Structures are given as structure tokens and as C-alpha cells.
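upload21.pdb follows; it contains PDB, C-alpha atoms and all ligand atoms.
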ATOM      1  CA  MET A  14     148.315 -88.560 -94.691  1.00  0.00           C
ATOM      2  CA  LYS A  15     147.719 -90.873 -97.630  1.00  0.00           C
ATOM      3  CA  ILE A  16     149.273 -90.362-101.041  1.00  0.00           C
ATOM      4  CA  LYS A  17     148.790 -92.282-104.232  1.00  0.00           C
ATOM      5  CA  CYS A  18     151.298 -92.832-107.020  1.00  0.00           C
ATOM      6  CA  ASP A  19     150.199 -90.792-110.009  1.00  0.00           C
ATOM      7  CA  PHE A  20     151.245 -93.589-112.329  1.00  0.00           C
ATOM      8  CA  CYS A  21     150.461 -97.002-110.807  1.00  0.00           C
ATOM      9  CA  LYS A  22     148.012 -95.797-108.140  1.00  0.00           C
ATOM     10  CA  THR A  23     149.853 -97.554-105.301  1.00  0.00           C
ATOM     11  CA  GLU A  24     148.896 -96.013-101.995  1.00  0.00           C
ATOM     12  CA  TYR A  25     151.348 -94.950 -99.316  1.00  0.00           C
ATOM     13  CA  ALA A  26     150.724 -93.701 -95.782  1.00  0.00           C
ATOM     14  CA  LEU A  27     153.008 -90.854 -94.670  1.00  0.00           C
ATOM     15  CA  ASP A  28     153.333 -89.125 -91.313  1.00  0.00           C
ATOM     16  CA  ALA A  29     153.671 -85.746 -92.958  1.00  0.00           C
ATOM     17  CA  ALA A  30     153.642 -84.214 -96.401  1.00  0.00           C
ATOM     18  CA  PRO A  31     157.111 -84.573 -97.949  1.00  0.00           C
ATOM     19  CA  ASN A  32     158.883 -81.364 -98.974  1.00  0.00           C
ATOM     20  CA  SER A  33     160.727 -82.972-101.875  1.00  0.00           C
ATOM     21  CA  PRO A  34     159.401 -85.139-104.718  1.00  0.00           C
ATOM     22  CA  VAL A  35     158.768 -88.760-103.832  1.00  0.00           C
ATOM     23  CA  LYS A  36     159.605 -91.897-105.782  1.00  0.00           C
ATOM     24  CA  CYS A  37     157.175 -94.793-106.048  1.00  0.00           C
ATOM     25  CA  ALA A  38     158.757 -97.997-104.685  1.00  0.00           C
ATOM     26  CA  VAL A  39     156.664-100.090-107.074  1.00  0.00           C
ATOM     27  CA  CYS A  40     157.010 -98.401-110.453  1.00  0.00           C
ATOM     28  CA  GLY A  41     159.782 -95.849-109.894  1.00  0.00           C
ATOM     29  CA  HIS A  42     157.567 -92.904-110.871  1.00  0.00           C
ATOM     30  CA  VAL A  43     158.706 -89.642-109.269  1.00  0.00           C
ATOM     31  CA  TRP A  44     156.203 -86.943-108.427  1.00  0.00           C
ATOM     32  CA  SER A  45     155.658 -84.051-106.105  1.00  0.00           C
ATOM     33  CA  VAL A  46     153.076 -84.479-103.392  1.00  0.00           C
ATOM     34  CA  ALA A  47     150.704 -81.583-103.109  1.00  0.00           C
ATOM     35  CA  ARG A  48     150.772 -80.287 -99.545  1.00  0.00           C
ATOM     36  CA  PRO A  49     147.444 -80.330 -97.728  1.00  0.00           C
ATOM     37  CA  ASN A  50     146.854 -76.613 -98.185  1.00  0.00           C
ATOM     38  CA  ARG A  51     143.345 -76.122 -96.855  1.00  0.00           C
ATOM     39  CA  ARG A  52     144.574 -75.701 -93.299  1.00  0.00           C
ATOM     40  CA  GLY A  53     147.648 -73.867 -94.564  1.00  0.00           C
ATOM     41  CA  ALA A  54     145.515 -71.387 -96.501  1.00  0.00           C
ATOM     42  CA  TRP A  55     143.355 -70.840 -93.437  1.00  0.00           C
ATOM     43  CA  MET A  56     146.431 -70.190 -91.295  1.00  0.00           C
ATOM     44  CA  MET A  57     147.732 -67.777 -93.920  1.00  0.00           C
ATOM     45  CA  PHE A  58     144.408 -65.953 -93.840  1.00  0.00           C
ATOM     46  CA  ILE A  59     144.549 -65.674 -90.037  1.00  0.00           C
ATOM     47  CA  ALA A  60     148.167 -64.515 -90.165  1.00  0.00           C
ATOM     48  CA  ALA A  61     147.327 -61.895 -92.814  1.00  0.00           C
ATOM     49  CA  THR A  62     144.317 -60.718 -90.788  1.00  0.00           C
ATOM     50  CA  CYS A  63     146.448 -60.407 -87.657  1.00  0.00           C
ATOM     51  CA  ALA A  64     149.041 -58.416 -89.579  1.00  0.00           C
ATOM     52  CA  LEU A  65     146.332 -56.111 -90.918  1.00  0.00           C
ATOM     53  CA  LEU A  66     144.775 -55.658 -87.466  1.00  0.00           C
ATOM     54  CA  SER A  67     148.116 -54.842 -85.876  1.00  0.00           C
ATOM     55  CA  ALA A  68     148.721 -52.317 -88.684  1.00  0.00           C
ATOM     56  CA  ILE A  69     145.357 -50.712 -87.939  1.00  0.00           C
ATOM     57  CA  VAL A  70     146.056 -50.637 -84.203  1.00  0.00           C
ATOM     58  CA  PHE A  71     149.430 -49.078 -84.928  1.00  0.00           C
ATOM     59  CA  ALA A  72     147.835 -46.428 -87.148  1.00  0.00           C
ATOM     60  CA  VAL A  73     145.245 -45.637 -84.470  1.00  0.00           C
ATOM     61  CA  ALA A  74     147.983 -45.398 -81.856  1.00  0.00           C
ATOM     62  CA  VAL A  75     149.898 -42.984 -84.073  1.00  0.00           C
ATOM     63  CA  VAL A  76     146.805 -40.847 -84.677  1.00  0.00           C
ATOM     64  CA  VAL A  77     145.893 -40.746 -80.983  1.00  0.00           C
ATOM     65  CA  ARG A  78     149.435 -39.913 -79.990  1.00  0.00           C
ATOM     66  CA  SER A  79     149.736 -37.089 -82.521  1.00  0.00           C
ATOM     67  CA  ARG A  80     146.395 -35.745 -81.287  1.00  0.00           C
ATOM     68  CA  MET A  81     147.713 -35.766 -77.753  1.00  0.00           C
ATOM     69  CA  ASP A  82     150.916 -34.057 -78.840  1.00  0.00           C
ATOM     70  CA  ASP A  83     148.747 -31.510 -80.604  1.00  0.00           C
ATOM     71  CA  ALA A  84     146.699 -30.980 -77.437  1.00  0.00           C
ATOM     72  CA  ALA A  85     149.860 -30.442 -75.432  1.00  0.00           C
ATOM     73  CA  HIS A  86     151.068 -27.754 -77.802  1.00  0.00           C
ATOM     74  CA  LYS A  87     147.700 -26.240 -78.655  1.00  0.00           C
ATOM     75  CA  PRO A  88     145.171 -26.845 -75.894  1.00  0.00           C
ATOM     76  CA  LEU A  89     142.646 -24.632 -77.689  1.00  0.00           C
ATOM     77  CA  VAL A  90     141.930 -24.876 -81.390  1.00  0.00           C
ATOM     78  CA  ALA A  91     139.963 -22.310 -83.376  1.00  0.00           C
ATOM     79  CA  GLU A  92     138.285 -23.370 -86.578  1.00  0.00           C
ATOM     80  CA  ILE A  93     136.101 -21.686 -89.162  1.00  0.00           C
ATOM     81  CA  THR A  94     132.967 -23.564 -90.108  1.00  0.00           C
ATOM     82  CA  GLU A  95     131.248 -21.100 -92.437  1.00  0.00           C
ATOM     83  CA  ILE A  96     131.998 -17.864 -94.253  1.00  0.00           C
ATOM     84  CA  LYS A  97     129.142 -15.788 -95.644  1.00  0.00           C
ATOM     85  CA  THR A  98     128.892 -12.325 -97.141  1.00  0.00           C
ATOM     86  CA  VAL A  99     126.545  -9.549 -96.046  1.00  0.00           C
ATOM     87  CA  THR A 100     126.093  -6.140 -97.598  1.00  0.00           C
ATOM     88  CA  ASP A 101     125.833  -3.070 -95.389  1.00  0.00           C
ATOM     89  CA  LYS A 102     123.658   0.063 -95.871  1.00  0.00           C
ATOM     90  CA  GLU A 103     126.284   1.625 -98.142  1.00  0.00           C
ATOM     91  CA  GLY A 104     126.292  -1.466-100.320  1.00  0.00           C
ATOM     92  CA  THR A 105     129.729  -2.596 -99.129  1.00  0.00           C
ATOM     93  CA  PRO A 106     130.122  -6.355 -98.778  1.00  0.00           C
ATOM     94  CA  HIS A 107     131.537  -7.787 -95.555  1.00  0.00           C
ATOM     95  CA  PHE A 108     132.428 -11.310 -94.576  1.00  0.00           C
ATOM     96  CA  VAL A 109     130.586 -13.027 -91.761  1.00  0.00           C
ATOM     97  CA  VAL A 110     132.837 -15.634 -90.245  1.00  0.00           C
ATOM     98  CA  ARG A 111     131.317 -18.423 -88.197  1.00  0.00           C
ATOM     99  CA  GLY A 112     133.375 -20.934 -86.266  1.00  0.00           C
ATOM    100  CA  ALA A 113     134.247 -22.331 -82.910  1.00  0.00           C
ATOM    101  CA  VAL A 114     137.022 -22.550 -80.376  1.00  0.00           C
ATOM    102  CA  VAL A 115     137.451 -26.064 -79.001  1.00  0.00           C
ATOM    103  CA  ASN A 116     139.183 -27.045 -75.779  1.00  0.00           C
ATOM    104  CA  GLN A 117     141.079 -30.230 -76.662  1.00  0.00           C
ATOM    105  CA  THR A 118     142.326 -30.884 -73.168  1.00  0.00           C
ATOM    106  CA  ALA A 119     140.919 -32.413 -69.988  1.00  0.00           C
ATOM    107  CA  GLN A 120     141.187 -29.172 -68.033  1.00  0.00           C
ATOM    108  CA  ILE A 121     139.501 -25.793 -67.972  1.00  0.00           C
ATOM    109  CA  TYR A 122     141.093 -23.149 -70.157  1.00  0.00           C
ATOM    110  CA  GLY A 123     140.581 -19.431 -70.483  1.00  0.00           C
ATOM    111  CA  VAL A 124     139.726 -18.383 -74.033  1.00  0.00           C
ATOM    112  CA  PRO A 125     142.044 -15.725 -75.490  1.00  0.00           C
ATOM    113  CA  ASP A 126     140.991 -13.103 -78.003  1.00  0.00           C
ATOM    114  CA  ILE A 127     140.051 -14.481 -81.392  1.00  0.00           C
ATOM    115  CA  ILE A 128     141.817 -12.994 -84.401  1.00  0.00           C
ATOM    116  CA  ILE A 129     140.421 -13.311 -87.895  1.00  0.00           C
ATOM    117  CA  VAL A 130     142.978 -12.749 -90.627  1.00  0.00           C
ATOM    118  CA  SER A 131     141.932 -11.760 -94.143  1.00  0.00           C
ATOM    119  CA  ARG A 132     144.515 -12.828 -96.706  1.00  0.00           C
ATOM    120  CA  ASP A 133     145.182 -12.187-100.367  1.00  0.00           C
ATOM    121  CA  GLY A 134     145.649 -14.823-103.048  1.00  0.00           C
ATOM    122  CA  ALA A 135     149.257 -15.400-101.990  1.00  0.00           C
ATOM    123  CA  GLY A 136     148.203 -15.914 -98.372  1.00  0.00           C
ATOM    124  CA  ASN A 137     149.607 -12.596 -97.148  1.00  0.00           C
ATOM    125  CA  PRO A 138     147.556 -10.906 -94.416  1.00  0.00           C
ATOM    126  CA  ILE A 139     145.522  -7.892 -95.541  1.00  0.00           C
ATOM    127  CA  ALA A 140     143.658  -7.245 -92.302  1.00  0.00           C
ATOM    128  CA  ARG A 141     143.578  -8.668 -88.800  1.00  0.00           C
ATOM    129  CA  GLN A 142     140.518  -8.249 -86.653  1.00  0.00           C
ATOM    130  CA  LYS A 143     140.431  -9.162 -83.020  1.00  0.00           C
ATOM    131  CA  PHE A 144     137.372  -9.771 -80.912  1.00  0.00           C
ATOM    132  CA  LEU A 145     136.491 -11.319 -77.578  1.00  0.00           C
ATOM    133  CA  PRO A 146     134.995 -14.793 -77.310  1.00  0.00           C
ATOM    134  CA  SER A 147     131.484 -15.023 -75.911  1.00  0.00           C
ATOM    135  CA  ALA A 148     132.692 -17.355 -73.166  1.00  0.00           C
ATOM    136  CA  PRO A 149     135.804 -16.459 -71.142  1.00  0.00           C
ATOM    137  CA  LEU A 150     136.386 -20.028 -69.934  1.00  0.00           C
ATOM    138  CA  LEU A 151     136.038 -23.399 -71.600  1.00  0.00           C
ATOM    139  CA  ASP A 152     135.435 -26.635 -69.715  1.00  0.00           C
ATOM    140  CA  ALA A 153     137.386 -29.735 -70.686  1.00  0.00           C
ATOM    141  CA  GLY A 154     136.339 -30.770 -74.181  1.00  0.00           C
ATOM    142  CA  ALA A 155     133.887 -27.869 -74.505  1.00  0.00           C
ATOM    143  CA  SER A 156     133.653 -25.421 -77.367  1.00  0.00           C
ATOM    144  CA  VAL A 157     132.383 -21.880 -77.875  1.00  0.00           C
ATOM    145  CA  GLU A 158     131.020 -20.688 -81.183  1.00  0.00           C
ATOM    146  CA  PHE A 159     131.622 -17.319 -82.737  1.00  0.00           C
ATOM    147  CA  ASN A 160     129.891 -15.477 -85.531  1.00  0.00           C
ATOM    148  CA  HIS A 161     131.730 -12.288 -86.385  1.00  0.00           C
ATOM    149  CA  VAL A 162     131.099  -9.677 -89.062  1.00  0.00           C
ATOM    150  CA  LEU A 163     134.388  -8.282 -90.374  1.00  0.00           C
ATOM    151  CA  SER A 164     134.432  -4.489 -90.523  1.00  0.00           C
ATOM    152  CA  SER A 165     136.857  -4.507 -93.463  1.00  0.00           C
ATOM    153  CA  THR A 166     135.533  -5.011 -96.980  1.00  0.00           C
ATOM    154  CA  THR A 167     135.839  -8.180 -98.996  1.00  0.00           C
ATOM    155  CA  ASP A 168     138.081  -6.447-101.582  1.00  0.00           C
ATOM    156  CA  GLY A 169     141.003  -8.653-102.578  1.00  0.00           C
ATOM    157  CA  VAL A 170     140.340 -11.187 -99.830  1.00  0.00           C
ATOM    158  CA  LYS A 171     140.896 -14.697-101.106  1.00  0.00           C
ATOM    159  CA  LYS A 172     141.321 -16.565 -97.858  1.00  0.00           C
ATOM    160  CA  ILE A 173     140.289 -16.134 -94.240  1.00  0.00           C
ATOM    161  CA  THR A 174     141.999 -17.816 -91.333  1.00  0.00           C
ATOM    162  CA  VAL A 175     141.411 -17.727 -87.604  1.00  0.00           C
ATOM    163  CA  GLU A 176     144.005 -17.515 -84.853  1.00  0.00           C
ATOM    164  CA  LEU A 177     143.969 -17.330 -81.101  1.00  0.00           C
ATOM    165  CA  GLN A 178     145.949 -14.562 -79.457  1.00  0.00           C
ATOM    166  CA  THR A 179     148.864 -16.200 -77.713  1.00  0.00           C
ATOM    167  CA  GLY A 180     150.354 -14.790 -74.537  1.00  0.00           C
ATOM    168  CA  ASP A 181     153.518 -13.485 -76.163  1.00  0.00           C
ATOM    169  CA  MET A 182     151.767 -11.315 -78.743  1.00  0.00           C
TER     170      MET A 182
HETATM  171 ZN    ZN A 201     153.915 -96.171-108.878  1.00  0.00          ZN
END
Could you show the structure in this file as C-alpha cells?
Amino acid sequence: MKIKCDFCKTEYALDAAPNSPVKCAVCGHVWSVARPNRRGAWMMFIAATCALLSAIVFAVAVVVRSRMDDAAHKPLVAEITEIKTVTDKEGTPHFVVRGAVVNQTAQIYGVPDIIIVSRDGAGNPIARQKFLPSAPLLDAGASVEFNHVLSSTTDGVKKITVELQTGDM
């Protein structure tokens, strides 16, 4: 690279940018040579991008792994997608709970009974209602929807959750 004395404008040819200040052999002026930073900045950008990408890959790996752990523990997952209210002939309101059971695994699973739990404001169960899924078996990755009218009233119900009956219940 070429550098020029700030003071007397004498030019010098250097093999590399000096790390410490340089002294002009002609006039004795001492100055710091700015490092050629265009390439350096570009390399920094690439390094930062690589770091970011590896962080993203790591995050994806963590998410995928936790999903797989989840699938190992809970092959079937029940979820509520919609809760509506209907009123019967006596004028009593009931909840209509819509949702689905999803098979998260790569194998066929039998669907257990679905239990809908009505809970109060503190999350304590008020009523549990069990019903059969419309499909007894789920293919790998398949899901079965449910749409169930609760026979209990909506009185005091602040939250509704869904569970699958496990073998030990
Ligand atoms: Zn000089």
C-alpha cells in the first residue's frame, strides 16, 4: 500500500498497513496510518452475518428438538380453536367447544376420549365432560376435529380447557 506524509506529502510504499504510528523520514512528522478498512468492513459484515445465521440455525434446531421431545411425551395434542355459546329451549346458555386432536408423530395412534374441563376464574375445574372422538384412529400427522356442546351451563365458567384421557386415568 502507499501512504503519504500528512505534513510534507512524501510518499512511502509499505507491504502492509502499520499497526503503530509511523514517522516520516524526511520531516520527522509522526502520524497514524488509517488501515484500509473497506475490505475489513466487508469481512466484518460477513462474519456478523455468519454469526447471525448460526444463531438462527441454533434456534431452529432448539425449536425442532423441543417439538420432537414434545411428540415423544405427547404423541396426540388436543387444542380448542373456537368457543361459542348456544341457548337451549329453556333459555339456558351452553358452550359449544370446537377444536381438534392432532397426531404429532409419524405413526398411527388411537384417539382416546376427549375431556373438556370448565374452570372458574382461578382455574379450578367446575365440570369435566368426556366424549368420544369421531375418528378412533389417527394417521401420522392427521387430525380429527370435534365440535361438542357442553351439557353443563355457562354459570361461573371463565376458562375452558381440553384434555385427552390418558391410560392411567
Ligand atoms: Zn514528512
Can you tell me which residues sit at most 6 Å away from ligand ZN 201 (chain A), counting all atoms listed in the file, written as a PDB file with C-alpha atoms, keeping the file's coordinate frame?
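What ended up in out.pdb:
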ATOM      1  CA  CYS A  18     151.298 -92.832-107.020  1.00  0.00           C
ATOM      2  CA  PHE A  20     151.245 -93.589-112.329  1.00  0.00           C
ATOM      3  CA  CYS A  21     150.461 -97.002-110.807  1.00  0.00           C
ATOM      4  CA  LYS A  22     148.012 -95.797-108.140  1.00  0.00           C
ATOM      5  CA  THR A  23     149.853 -97.554-105.301  1.00  0.00           C
ATOM      6  CA  CYS A  37     157.175 -94.793-106.048  1.00  0.00           C
ATOM      7  CA  VAL A  39     156.664-100.090-107.074  1.00  0.00           C
ATOM      8  CA  CYS A  40     157.010 -98.401-110.453  1.00  0.00           C
ATOM      9  CA  GLY A  41     159.782 -95.849-109.894  1.00  0.00           C
ATOM     10  CA  HIS A  42     157.567 -92.904-110.871  1.00  0.00           C
TER      11      HIS A  42
END
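Non-sequential neighbours of Asp101 of chain A (distance at most 12 Å, separation of 5 or more positions within a chain, only C-alpha atoms) are Pro106, His107, Phe108, Val109, Val162, Leu163, Ser164, Ser165, Thr166 and Thr167 of chain A.
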Take the residues just selected and output them with C-alpha atoms as a PDB file, keeping the file's coordinate frame.
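Below is the file part_12.pdb, written as the result:
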ATOM      1  CA  PRO A 106     130.122  -6.355 -98.778  1.00  0.00           C
ATOM      2  CA  HIS A 107     131.537  -7.787 -95.555  1.00  0.00           C
ATOM      3  CA  PHE A 108     132.428 -11.310 -94.576  1.00  0.00           C
ATOM      4  CA  VAL A 109     130.586 -13.027 -91.761  1.00  0.00           C
ATOM      5  CA  VAL A 162     131.099  -9.677 -89.062  1.00  0.00           C
ATOM      6  CA  LEU A 163     134.388  -8.282 -90.374  1.00  0.00           C
ATOM      7  CA  SER A 164     134.432  -4.489 -90.523  1.00  0.00           C
ATOM      8  CA  SER A 165     136.857  -4.507 -93.463  1.00  0.00           C
ATOM      9  CA  THR A 166     135.533  -5.011 -96.980  1.00  0.00           C
ATOM     10  CA  THR A 167     135.839  -8.180 -98.996  1.00  0.00           C
TER      11      THR A 167
END
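Taking atom CA of His86 of chain A as the reference point, atom CA of Ser156 of chain A is found at 17.6 Å.
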Open item on the list: Expand the PyMOL selection byres (((chain A and resi 114) around 10) and not hetatm) into the explicit residue set it covers here, and present it as a PyMOL selection string.
Closed with: chain A and resi 89-93+112-113+115-117+124-125+127+146+148+151+155-159+175-177
Open item on the list: I need the residue nearest Asn160 of chain A from this list: A:Ile139, A:Ile96, A:Ala60, A:Ala38. Use only C-alpha atoms for the distance.
Closed with: A:Ile96
Task: Counting only C-alpha atoms, the residue of A:Ser45, A:Asn137, A:Ser131, A:Gln120 that sits nearest Val170 of chain A - done: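 Using only C-alpha atoms, Val170 of chain A sits closest to A:Ser131.
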